[in-house]
Every structure is written in C-alpha cells, then in structure tokens.
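What follows is a set of notes on a single structure, which appears directly below.
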Amino acid sequence: MRWNHAYVEHEGALARTGFGQMASALPRMMAVVLRAGWAADRRALVGLVVAQVGQGITGATGLVAVNGVLTHLFADGPTPDKLRQSLPALIVLAVVSVGTALLAAWSTAMSGRLEPQIERAVSTQYYRAVTRVEVAATEQPEIQRHLEAGKFGTDSARRMLGLSVGITGVLISMVASAAVLASLHWALLPMLLAIAVPRGWGAVRTARREYLSRRHWVDHRRAVATLLQYLTMPHAAGEIRAHEAGTLLLRGYEEMSRLVETEQRRLARAQAHTELVAGAFSGLASLGCYGMLWWLLTSGGLPLAVGGTAVVAIRNSTAGLTSLVRQVNRMYEEMLQFSDTEEATRLAAEHAIPRTGAPLPSPVRAVRVEKVSFTYPGATEPALTDVSLRVRPGEVTALVGMNGSGKSTLAKILAGLVLPTEGAVWWEGADGERVELRDADRAQVFRSVGLLAQDFPQWQMTAAANVAVGAGDRARDMAEVRSAARAADVDSLVEGLAHGWDSIVFKGYERGVQLSGGQWQKLATARSRYRDAPFLLVDEPTSALDPHAEIEAFERLRQLADDGTAVVLITHRLAATTTADHIYVLDAGRVAEDGTHDQLMARPGGLYQHMFQRQAAQYGHPPTPPHDLPTARRAGAPHPDAAG
Ligand SMILES: Nc1ncnc2c1ncn2[C@@H]1O[C@H](COP(=O)(O)OP(=O)(O)O)[C@@H](O)[C@H]1O
Ligand SMILES: [Mg+2]
C-alpha cells in the first residue's frame with residue numbers, strides 16, 4: 001500500500017497534457033525567468049542575454065569560416081597557395097573561438113550572480129504567501145498538499161535560469177548551424193531534424209514519467225523521511241528505546257522504502273526502454289543522414305567543401321543535441337515543479353487573510369461571540385455549536401469543559417485565527433460601535449491578541465528568540481524580554497544557564513540545553529506576555545507546572561486582568577476558576593452553563609458543580625457548600641445577554 005493516494009486524481013489530467021502544450025509553456029517560463037531576473041538584477045540579466053546571443057553569432061560565424069577554409073582547401077591549385085588563401089578565414093575562426101570562450105565565461109559569471117537572487121525572490125514570495133493563508137484553509141488536506149508541493153519548486157526558478165541559459169545557448173547555435181546548413185543545401189535541414197526529433201521525444205517522455213512518479217509518491221516519501229527523523233529525535237529517544245518504538249519505525253521504513261525501490265525499478269526499466277527506442281530511431285536517422293550526404297557528394301549534387309562543412313555542422317549540432325535533450329528534460333521537470341510553486345502561491349493568495357478591513361474600535365469594551373458554530377473542514381461533527389460568550393478587559397473569563405469539548409477551538413475563534421462557520425464575533429467599542437471579525441482588519445485583531453496555545457511551538461532557537469518571537473512585528477527589546485520572563489517566573493532559570501539568553505533551548509546544538517515540560521510552558525508564557533496585547537488567551541497554561549508555580553501563574557493572570565487586560569483562561573484546574581469573573585462550561589461544543597463560580601456551584605446537578613466536587617474530593621475535601629468558597633475578586637459579572 002502506498003502512503004497516500006490523493007495524487008492519483010491529478011495524474012490523468014497531467015498525463016493528458018501534450019508536449020505541444022508543454023513546449024508552448026516554455027516561452028512563458030522563460031518569460032518568468034526573465035521577469036524574475038529583471039526584478040532581481042537587471043544588469044546581470046542584460047549581460048547574460050548579450051553573452052548568449054553573442055555566442056550564437058560567434059557559432060554561426062565560425063561555421064561560415066569553416067566553410068571558407070574548406071572551400072579554399074578543396075579548391076584546385078598548389079597547397080601553399082590554398083593555405084594562404086584560407087588564412088583570413090582561419091584568423092576569423094581563431095578570433096571567433098576566443099570570442100566564444102570570453103562570452104561563455106561572461107555568461108557563467110552573470111548567471112552565477114543572478115541565480116541565488118532569483119531563488120531568494122521566488123522563495124520569499126512563496127513563503128510569504130503561504131504564511132498568510134487562513135488557518136482554516138491549511139486545515140483542508142487538498143489545499144495543504146498543494147501549498148506543501150510548492151516548496152519543492154522554490155529553487156526551480158534558479159535552476160530554470162541556468163537551464164534557460166544552456167538551452168538558449170544550444171538552440172541558438174543549432175539554429176545558426178541549421179541556417180548555415182540550409183544555405184548550403186536544402187536537404188541538409190530535414191536530415192538534422194530527423195536526428196533531433198526522436199531524441200526530443202524520448203526526453204519528454206522520460207521527464208514526464210519521472211515527474212508524475214514523484215508527484216504520485218510525494219506523501220509516501222515525506223512519510224518515510226519523517227519516520228527516519230523520529231529515530232534520531234532527542235524527544236523520541238525515550239520511547240524509541242523503552243517501548244521499542246524504534247523497531248516498529250524501522251520496520252515501517254524498510255517496508256516503505258522497498259515500495260519506493262520497486263517504483264524506481266519500474267521507472268528505470270521504462271526509461272531504458274524509451275532511451276532504446278529514441279536512440280534507435282535517432283541512430284537510423286543519422287545513418288540515413290550520412291548516407292544521403294554520401295550520395296549527394298558522389299552524385300556531384302554537393303561540392304566536397306560543403307560536404308565537409310555539413311559534417312562539422314551535423315556533428316556540432318548533434319553533440320549539442322545531447323546536452324539540449326538533457327537540459328530540456330530537466331527544464332521540463334523544473335517547469336512543472338515551478339508551476340506547482342506558482343500554483344501554491346496563487347492558491348495561498350486566494351485563501352489569504354484579507355489585508356484590509358474595518359479598524360477595530362478603540363478602546364475595545366468587549367469581544368462578543370454570538371451563536372457561533374464551527375466545523376473543521378472535513379469533520380462530520382461541529383466542534384462548536386451555537387456558542388455565545390463575552391470577553392471583557394479587566395476580567396478573567398474562564399473556559400472549562402472536558403477534553404474535546406471545544407475550548408481550544410473557541411480560543412482560535414477569539415484570536416481571529418479561524419472564522420466561525422456560522423454566527424458572529426463582534427469587537428465592540430466603548431460607545432457600542434462594533435466590527436464583525438470577518439470585516440475587521442485582521443492584522444489589527446492579531447495585534448490585539450496574545451496567545452499561549454495548548455500546543456505552542458518549541459522553536460529550536462535561543463531562549464531570547466523564543467520569547468521575542470511573541471512579537472515578530474517588533475524589533476527585539478531585551479529589557480522587555482527580561483521583564484516578560486520575570487512575569488512568567490522563568491528569568492532566573494534562563495539567566496542561570498551557561499549561555500544565558502543566548503542558550504539554544506534545544507539539545508543537540510552547540511550552546512544547546514534541554515528544558516523540562518514545565519520550563520517550556522513558562523518560556524511560552526513569557527512569549528505571550530512579551531506580546532503585550534490587550535487580550536490574552538491562555539490555553540491550559542499550567543498543565544505542566546508544579547503546584548507552587550501553578551498557583552503563582554494563576555495569581556499573575558488575575559493581576560494582569562486587574563490591571564486591565566482581558567484574560568481568557570482555559571484550564572482544568574477549577575481551583576483557579578473560583579476567582580474568575582465569569583466561567584463558561586463547554587460540553588460537546590455547546591455552552592452548557594455559565595456564570596460566576598458561586599452561581600455555578602449553586603446550580604443543583606450542574607456540570608461545573610459536579611466537576612468541582614470531584615476535584616475537591618481528590619484532595620480529601622468533602623463537598624463544600626457554595627457559600628464557604630472564595631468568591632470572585634470582582635462582583636460576578638452580569639449574565640451576558642447572548643449566553644444561556
Ligand atoms: N485541527 C482540527 N481538525 C479537525 N478536528 C479538530 C481539530 N482540532 C480539534 N478538532 C476536534 O474538535 C473538537 C474540539 O477540540 P478542541 O477544541 O481541541 O477541544 P478541547 O480544547 O476542549 O479539548 C474535538 O472533537 C477535536 O477532535
Ligand atoms: Mg484544548
């Protein structure tokens with residue numbers, strides 16, 4: 001079984017694309033290369049084009065000179081005279097070959113200068129586009145796969161430039177040879193074509209087969225690579241040994257690579273077959289070509305000198321042909337890959353987070369979620385159904401509920417990362433003016449939100465970078481990094497490391513250290529604090545913290561809210577929700593109940609009361625009547641209008 005069969009659907013369409021279409025795309029691709037080159041380094045591009053055209057001219061001139069030399073040599077008369085007469089043509093030949101060498105060197109220098117610049121331009125464009133795609137779109141496997149496939153073509157433009165140079169070089173010299181040949185005798189041109197066509201056919205077939213195979217197997221290869229990655233990953237080292245996971249992974253690797261090998265064998269056989277057929281036809285054509293030349297010479301249809309020039313030209317152009325074939329082969333593949341990148345960039349733009357939108361009210365009085373439902377792409381069940389809630393500055397809003405009840409999804413909606421399938425998210429100003437998330441300037445929404453996701457990324461970078469990445473739009477300010485770290489109680493830990501803030505928080509690097517789960521959580525908390533946004537969403541921020549650290553973390557969040565931040569706290573530690581201003585209890589994607597701790601504890605048979613009492617019982621506390629519990633520091637917020 002192959003890893004993923006999703007590419008099968010593209011295969012038919014691609015296989016039907018004829019060579020004509022591909023060839024007609026070649027100028028377009030060259031135009032792309034030219035455009036990219038023009039944008040990257042105008043002077044280098046002009047130099048390159050001049051060098052290429054120059055080489056074509058020198059090639060043709062050289063051939064004409066060869067003809068001149070041969071004509072004089074094959075003429076009647078004493079040899080010294082013939083040599084003297086052919087001298088000017090010989091000098092032209094020498095000058096031309098020096099010129100060709102100079103132009104070739106110039107062309108190499110210019111393309112060497114251009115190539116990296118083009119790669120950077122294409123990569124930047126692609127990666128910038130991809131990082132602006134709506135999160136919901138990246139959740140759709142068919143979109144994600146297209147975006148992912150684009151990665152393989154980011155250096156294609158660079159290679160396409162090199163190949164364009166090679167191809168135009170050969171093409172120009174072939175056209176020059178063809179022109180000279182045709183001017184010598186009309187029959188020589190069709191002969192040249194007869195040799196070239198079968199080879200071209202073989203190259204196209206081979207290229208297309210390889211490309212289709214690669215596309216077909218891309219997911220499989222990715223899975224194989226991932227398997228291997230796991231084997232050396234420090235994170236997995238424990239399970240790999242203790243659970244013998246390594247044996248399983250290796251077995252999987254071997255099975256999967258055997259499949260790849262089978263595919264490669266199939267490809268190699270098919271390629272060998274194609275090459276044989278193309279070679280045979282091309283060889284026959286060459287034979288015919290030389291036979292015809294022989295006949296023309298013996299029948300007197302062609303002077304001997306012209307025959308000599310023809311042999312040189314045919315040899316020149318068939319030698320060039322081999323490299324042309326190889327290069328067209330690769331160019332063709334690169335072209336297909338590059339169109340994947342273009343397609344990914346286009347698709348990314350289509351699904352991009354809008355760059356414009358209504359400015360948010362300032363200051364924001366509340367964010368209101370109204371009757372929001374959300375279904376993940378491809379999911380059968382909604383993750384959220386008819387959810388309404390309100391988040392206000394100066395308050396801690398707690399979201400509690402069982403695993404899978406929709407808390408993290410709700411956090412993503414509040415953060416503006418995903419748009420609701422139904423319902424609305426309103427950002428409300430002091431005078432009641434409001435902007436819906438879909439119409440809002442999303443960049444401004446993102447700037448207003450700090451997010452500590454449940455599965456926050458552990459960047460393999462320095463400790464300082466791991467905090468400063470919390471505000472990628474600002475220049476790093478170490479004083480602020482330190483104060484964010486202080487607020488997350490991770491400052492002394494980092495400063496105690498041998499390389500302090502410059503330590504790489506990933507083992508295996510020089511200056512690398514290994515942090516514990518809890519330490520990572522604190523570092524990520526520092527990251528969200530560094531963001532310094534008026535809304536802070538923290539998704540199970542203390543799940544790995546020790547009891548002391550956890551209590552302190554909750555107290556700090558409370559303090560932050562008291563200082564005016566809107567804190568949304570997702571947690572299973574209900575001791576922390578006792579001081580929340582408002583608690584929403586989610587159950588299977590719906591708000592089952594909401595209110596202050598006291599209000600919820602007073603609900604007979606309520607879900608919250610039940611969860612709280614079970615947790616309290618774990619610590620040996622008998623179920624406590626509600627009036628003995630600590631009350632919210634602020635008066636319980638009035639019931640949000642939409643909730644219930
Ligand atoms: N990226 C996703 N794609 C598809 N389904 C998801 C995704 N993330 C979560 N879900 C599903 O949505 C539901 C709610 O998940 P989540 O919001 O993570 O719950 P919680 O944070 O309360 O544990 C679950 O059934 C989960 O399987
Ligand atoms: Mg969650």
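Chain identifiers are assigned as A, B, and so on, following the order in which chains appear in the structure tokens; residues are numbered from 1 within each chain, and ligands are numbered from 1 in order of appearance.
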
Residues of chain A that have any atom at most 10 Å from an atom of ligand 2: could you tabulate them with the shortest-distance atom pair and the distance in Å to one decimal, using only C-alpha atoms and all ligand atoms, ordered by chain and increasing number, as a Markdown table?
```
| residue | atom | partner | partner_atom_place_in_ligand_line | distance |
| --- | --- | --- | --- | --- |
| A:Val400 | CA | ligand 2 | 1 (Mg) | 9.8 |
| A:Gly401 | CA | ligand 2 | 1 (Mg) | 9.4 |
| A:Met402 | CA | ligand 2 | 1 (Mg) | 9.0 |
| A:Asn403 | CA | ligand 2 | 1 (Mg) | 6.7 |
| A:Gly404 | CA | ligand 2 | 1 (Mg) | 6.7 |
| A:Ser405 | CA | ligand 2 | 1 (Mg) | 8.0 |
| A:Gly406 | CA | ligand 2 | 1 (Mg) | 6.9 |
| A:Lys407 | CA | ligand 2 | 1 (Mg) | 5.5 |
| A:Ser408 | CA | ligand 2 | 1 (Mg) | 4.1 |
| A:Thr409 | CA | ligand 2 | 1 (Mg) | 7.3 |
| A:Leu410 | CA | ligand 2 | 1 (Mg) | 9.2 |
| A:Ala411 | CA | ligand 2 | 1 (Mg) | 8.8 |
| A:Ala453 | CA | ligand 2 | 1 (Mg) | 8.5 |
| A:Gln454 | CA | ligand 2 | 1 (Mg) | 6.1 |
| A:Asp455 | CA | ligand 2 | 1 (Mg) | 8.5 |
| A:Asp539 | CA | ligand 2 | 1 (Mg) | 6.7 |
| A:Glu540 | CA | ligand 2 | 1 (Mg) | 7.4 |
| A:Ile570 | CA | ligand 2 | 1 (Mg) | 7.9 |
| A:Thr571 | CA | ligand 2 | 1 (Mg) | 8.9 |
```

Report as a count of residues only all protein, DNA and RNA residues lying within 9 Å of A:Thr58, evaluated on only C-alpha atoms, omitting residues in the same chain fewer than 5 positions from it. 7

Between atom CA of A:Asp532 and atom CA of A:Gly394, what distance in Å does the model show, to one decimal? 14.4 Å

Just give me the gap between atom 14 (C, counted along the ligand's line) of ligand 1 and atom CA of A:Leu574 in Å, one decimal is fine. 19.6 Å

Computed gap from atom CA of A:Gly500 to atom CA of A:Pro547 is 25.8 Å

Which of these, A:Ala245, A:Ala104, A:Ala137, A:Ile583, has the shortest distance to ligand 1 once you count only C-alpha atoms and all ligand atoms? A:Ala137

With a distance cut-off of 7 Å and only C-alpha atoms, select the neighbouring residues of A:Gly153, excluding the residue or stretch itself and same-chain residues fewer than 3 positions from it, and output the selection as a PyMOL selection string. chain A and resi 150+156+337-338+340-341

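With distances restricted to only C-alpha atoms, A:Leu147 is the closest residue to A:Thr131 from A:Leu103, A:Ala89, A:Val387, A:Leu147.
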
Please identify all polymer residues within 10 Å of A:Gly279, counting only C-alpha atoms, omitting same-chain residues fewer than 5 positions from it, and present them as number ranges by chain. A: 195, 198-199, 202, 273-274, 284-285

Best match for closeness to A:Ala270 among A:Ala207, A:Met174, A:Val312, A:Ala65, counting only C-alpha atoms: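 Once distances to A:Ala270 are computed over only C-alpha atoms, the minimum belongs to A:Ala207.
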
A:Pro361: which residues within 12 Å, counting only C-alpha atoms, same-chain residues fewer than 5 positions away excluded, as a ChimeraX atom specification? /A:366-367,426-437,440-441,444-445,448

For the residues in that selection, give me N, CA, C and O atoms as a PDB file, in the first residue's frame.
```pdb
ATOM      1  N   ALA A 366     -15.543  45.097  24.666  1.00  0.00           N
ATOM      2  CA  ALA A 366     -15.803  43.656  24.808  1.00  0.00           C
ATOM      3  C   ALA A 366     -15.638  42.964  23.463  1.00  0.00           C
ATOM      4  O   ALA A 366     -15.754  43.602  22.421  1.00  0.00           O
ATOM      5  N   VAL A 367     -15.363  41.680  23.527  1.00  0.00           N
ATOM      6  CA  VAL A 367     -15.467  40.840  22.332  1.00  0.00           C
ATOM      7  C   VAL A 367     -16.630  39.908  22.590  1.00  0.00           C
ATOM      8  O   VAL A 367     -16.686  39.231  23.615  1.00  0.00           O
ATOM      9  N   TRP A 426     -18.069  39.778  17.471  1.00  0.00           N
ATOM     10  CA  TRP A 426     -18.093  41.242  17.414  1.00  0.00           C
ATOM     11  C   TRP A 426     -17.030  41.844  18.315  1.00  0.00           C
ATOM     12  O   TRP A 426     -16.877  41.434  19.452  1.00  0.00           O
ATOM     13  N   TRP A 427     -16.296  42.812  17.772  1.00  0.00           N
ATOM     14  CA  TRP A 427     -15.383  43.615  18.591  1.00  0.00           C
ATOM     15  C   TRP A 427     -16.111  44.926  18.851  1.00  0.00           C
ATOM     16  O   TRP A 427     -16.417  45.674  17.918  1.00  0.00           O
ATOM     17  N   GLU A 428     -16.360  45.178  20.138  1.00  0.00           N
ATOM     18  CA  GLU A 428     -17.284  46.246  20.500  1.00  0.00           C
ATOM     19  C   GLU A 428     -16.549  47.388  21.180  1.00  0.00           C
ATOM     20  O   GLU A 428     -15.719  47.149  22.061  1.00  0.00           O
ATOM     21  N   GLY A 429     -16.849  48.602  20.743  1.00  0.00           N
ATOM     22  CA  GLY A 429     -16.191  49.774  21.315  1.00  0.00           C
ATOM     23  C   GLY A 429     -16.953  50.348  22.495  1.00  0.00           C
ATOM     24  O   GLY A 429     -18.031  49.860  22.858  1.00  0.00           O
ATOM     25  N   ALA A 430     -16.397  51.395  23.071  1.00  0.00           N
ATOM     26  CA  ALA A 430     -16.950  51.971  24.294  1.00  0.00           C
ATOM     27  C   ALA A 430     -18.363  52.506  24.086  1.00  0.00           C
ATOM     28  O   ALA A 430     -19.203  52.445  24.981  1.00  0.00           O
ATOM     29  N   ASP A 431     -18.653  53.030  22.889  1.00  0.00           N
ATOM     30  CA  ASP A 431     -19.975  53.597  22.647  1.00  0.00           C
ATOM     31  C   ASP A 431     -20.909  52.612  21.969  1.00  0.00           C
ATOM     32  O   ASP A 431     -21.914  52.994  21.375  1.00  0.00           O
ATOM     33  N   GLY A 432     -20.539  51.358  22.026  1.00  0.00           N
ATOM     34  CA  GLY A 432     -21.415  50.332  21.454  1.00  0.00           C
ATOM     35  C   GLY A 432     -21.169  50.106  19.972  1.00  0.00           C
ATOM     36  O   GLY A 432     -21.794  49.246  19.361  1.00  0.00           O
ATOM     37  N   GLU A 433     -20.269  50.897  19.344  1.00  0.00           N
ATOM     38  CA  GLU A 433     -19.991  50.654  17.915  1.00  0.00           C
ATOM     39  C   GLU A 433     -19.241  49.331  17.809  1.00  0.00           C
ATOM     40  O   GLU A 433     -18.456  48.993  18.702  1.00  0.00           O
ATOM     41  N   ARG A 434     -19.520  48.546  16.750  1.00  0.00           N
ATOM     42  CA  ARG A 434     -18.890  47.242  16.713  1.00  0.00           C
ATOM     43  C   ARG A 434     -18.519  46.792  15.305  1.00  0.00           C
ATOM     44  O   ARG A 434     -19.127  47.205  14.324  1.00  0.00           O
ATOM     45  N   VAL A 435     -17.482  45.957  15.260  1.00  0.00           N
ATOM     46  CA  VAL A 435     -16.977  45.457  13.985  1.00  0.00           C
ATOM     47  C   VAL A 435     -16.963  43.939  14.057  1.00  0.00           C
ATOM     48  O   VAL A 435     -16.514  43.363  15.044  1.00  0.00           O
ATOM     49  N   GLU A 436     -17.491  43.323  13.003  1.00  0.00           N
ATOM     50  CA  GLU A 436     -17.511  41.857  12.980  1.00  0.00           C
ATOM     51  C   GLU A 436     -16.151  41.346  12.505  1.00  0.00           C
ATOM     52  O   GLU A 436     -15.490  41.961  11.668  1.00  0.00           O
ATOM     53  N   LEU A 437     -15.760  40.217  13.050  1.00  0.00           N
ATOM     54  CA  LEU A 437     -14.423  39.657  12.757  1.00  0.00           C
ATOM     55  C   LEU A 437     -14.148  39.548  11.261  1.00  0.00           C
ATOM     56  O   LEU A 437     -13.062  39.873  10.778  1.00  0.00           O
ATOM     57  N   ALA A 440     -13.309  42.878   9.918  1.00  0.00           N
ATOM     58  CA  ALA A 440     -12.299  43.641  10.663  1.00  0.00           C
ATOM     59  C   ALA A 440     -10.926  43.533  10.003  1.00  0.00           C
ATOM     60  O   ALA A 440     -10.657  42.609   9.240  1.00  0.00           O
ATOM     61  N   ASP A 441     -10.103  44.498  10.293  1.00  0.00           N
ATOM     62  CA  ASP A 441      -8.701  44.449   9.891  1.00  0.00           C
ATOM     63  C   ASP A 441      -8.041  43.366  10.752  1.00  0.00           C
ATOM     64  O   ASP A 441      -7.786  43.564  11.936  1.00  0.00           O
ATOM     65  N   GLN A 444      -4.978  43.928  12.749  1.00  0.00           N
ATOM     66  CA  GLN A 444      -5.206  44.642  14.000  1.00  0.00           C
ATOM     67  C   GLN A 444      -5.745  43.692  15.071  1.00  0.00           C
ATOM     68  O   GLN A 444      -5.379  43.809  16.244  1.00  0.00           O
ATOM     69  N   VAL A 445      -6.587  42.753  14.639  1.00  0.00           N
ATOM     70  CA  VAL A 445      -7.075  41.742  15.589  1.00  0.00           C
ATOM     71  C   VAL A 445      -5.886  40.972  16.159  1.00  0.00           C
ATOM     72  O   VAL A 445      -5.753  40.812  17.377  1.00  0.00           O
ATOM     73  N   SER A 448      -3.967  42.703  18.649  1.00  0.00           N
ATOM     74  CA  SER A 448      -4.656  42.903  19.931  1.00  0.00           C
ATOM     75  C   SER A 448      -4.633  41.656  20.801  1.00  0.00           C
ATOM     76  O   SER A 448      -5.122  41.679  21.921  1.00  0.00           O
TER      77      SER A 448
END
```

Close residues, stretch 160-166 of chain A itself excluded, 7 Å, only C-alpha atoms, min 6 positions apart in chain, as a list in words: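 Result of the neighbour search: Met30, Val33, Ser111, Glu115, Gln327, Met331 and Glu334 of chain A.
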
From a DSSP pass on the backbone, collect the residues of stretch 251-377 of chain A flagged as helix (DSSP H, G or I) and hand them back as an NGL selection string. :A and (251-298 or 304-350)

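Each of A:Leu188, A:Met478, A:Leu48, A:Ala121 was checked against A:Trp294 using only C-alpha atoms; the smallest atom-to-atom distance is that of A:Leu188.
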
Near stretch 506-509 of chain A, 12 Å: stretch 395-479 of chain A residue rows, closest pairs, only C-alpha atoms, as a tab-separated table:
```
residue	atom	partner	partner_atom	distance
A:Gln458	CA	A:Phe506	CA	8.6
A:Trp459	CA	A:Phe506	CA	8.2
A:Gln460	CA	A:Phe506	CA	5.6
A:Met461	CA	A:Phe506	CA	7.3
A:Thr462	CA	A:Phe506	CA	8.3
A:Ala463	CA	A:Phe506	CA	9.3
A:Asn466	CA	A:Phe506	CA	10.9
```

Hey, which of A:Asp41, A:Glu142, A:Asp81, A:Glu343 ends up closest to A:Gln117? Count only C-alpha atoms.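 The shortest atom-to-atom distance to A:Gln117 comes from A:Asp41.
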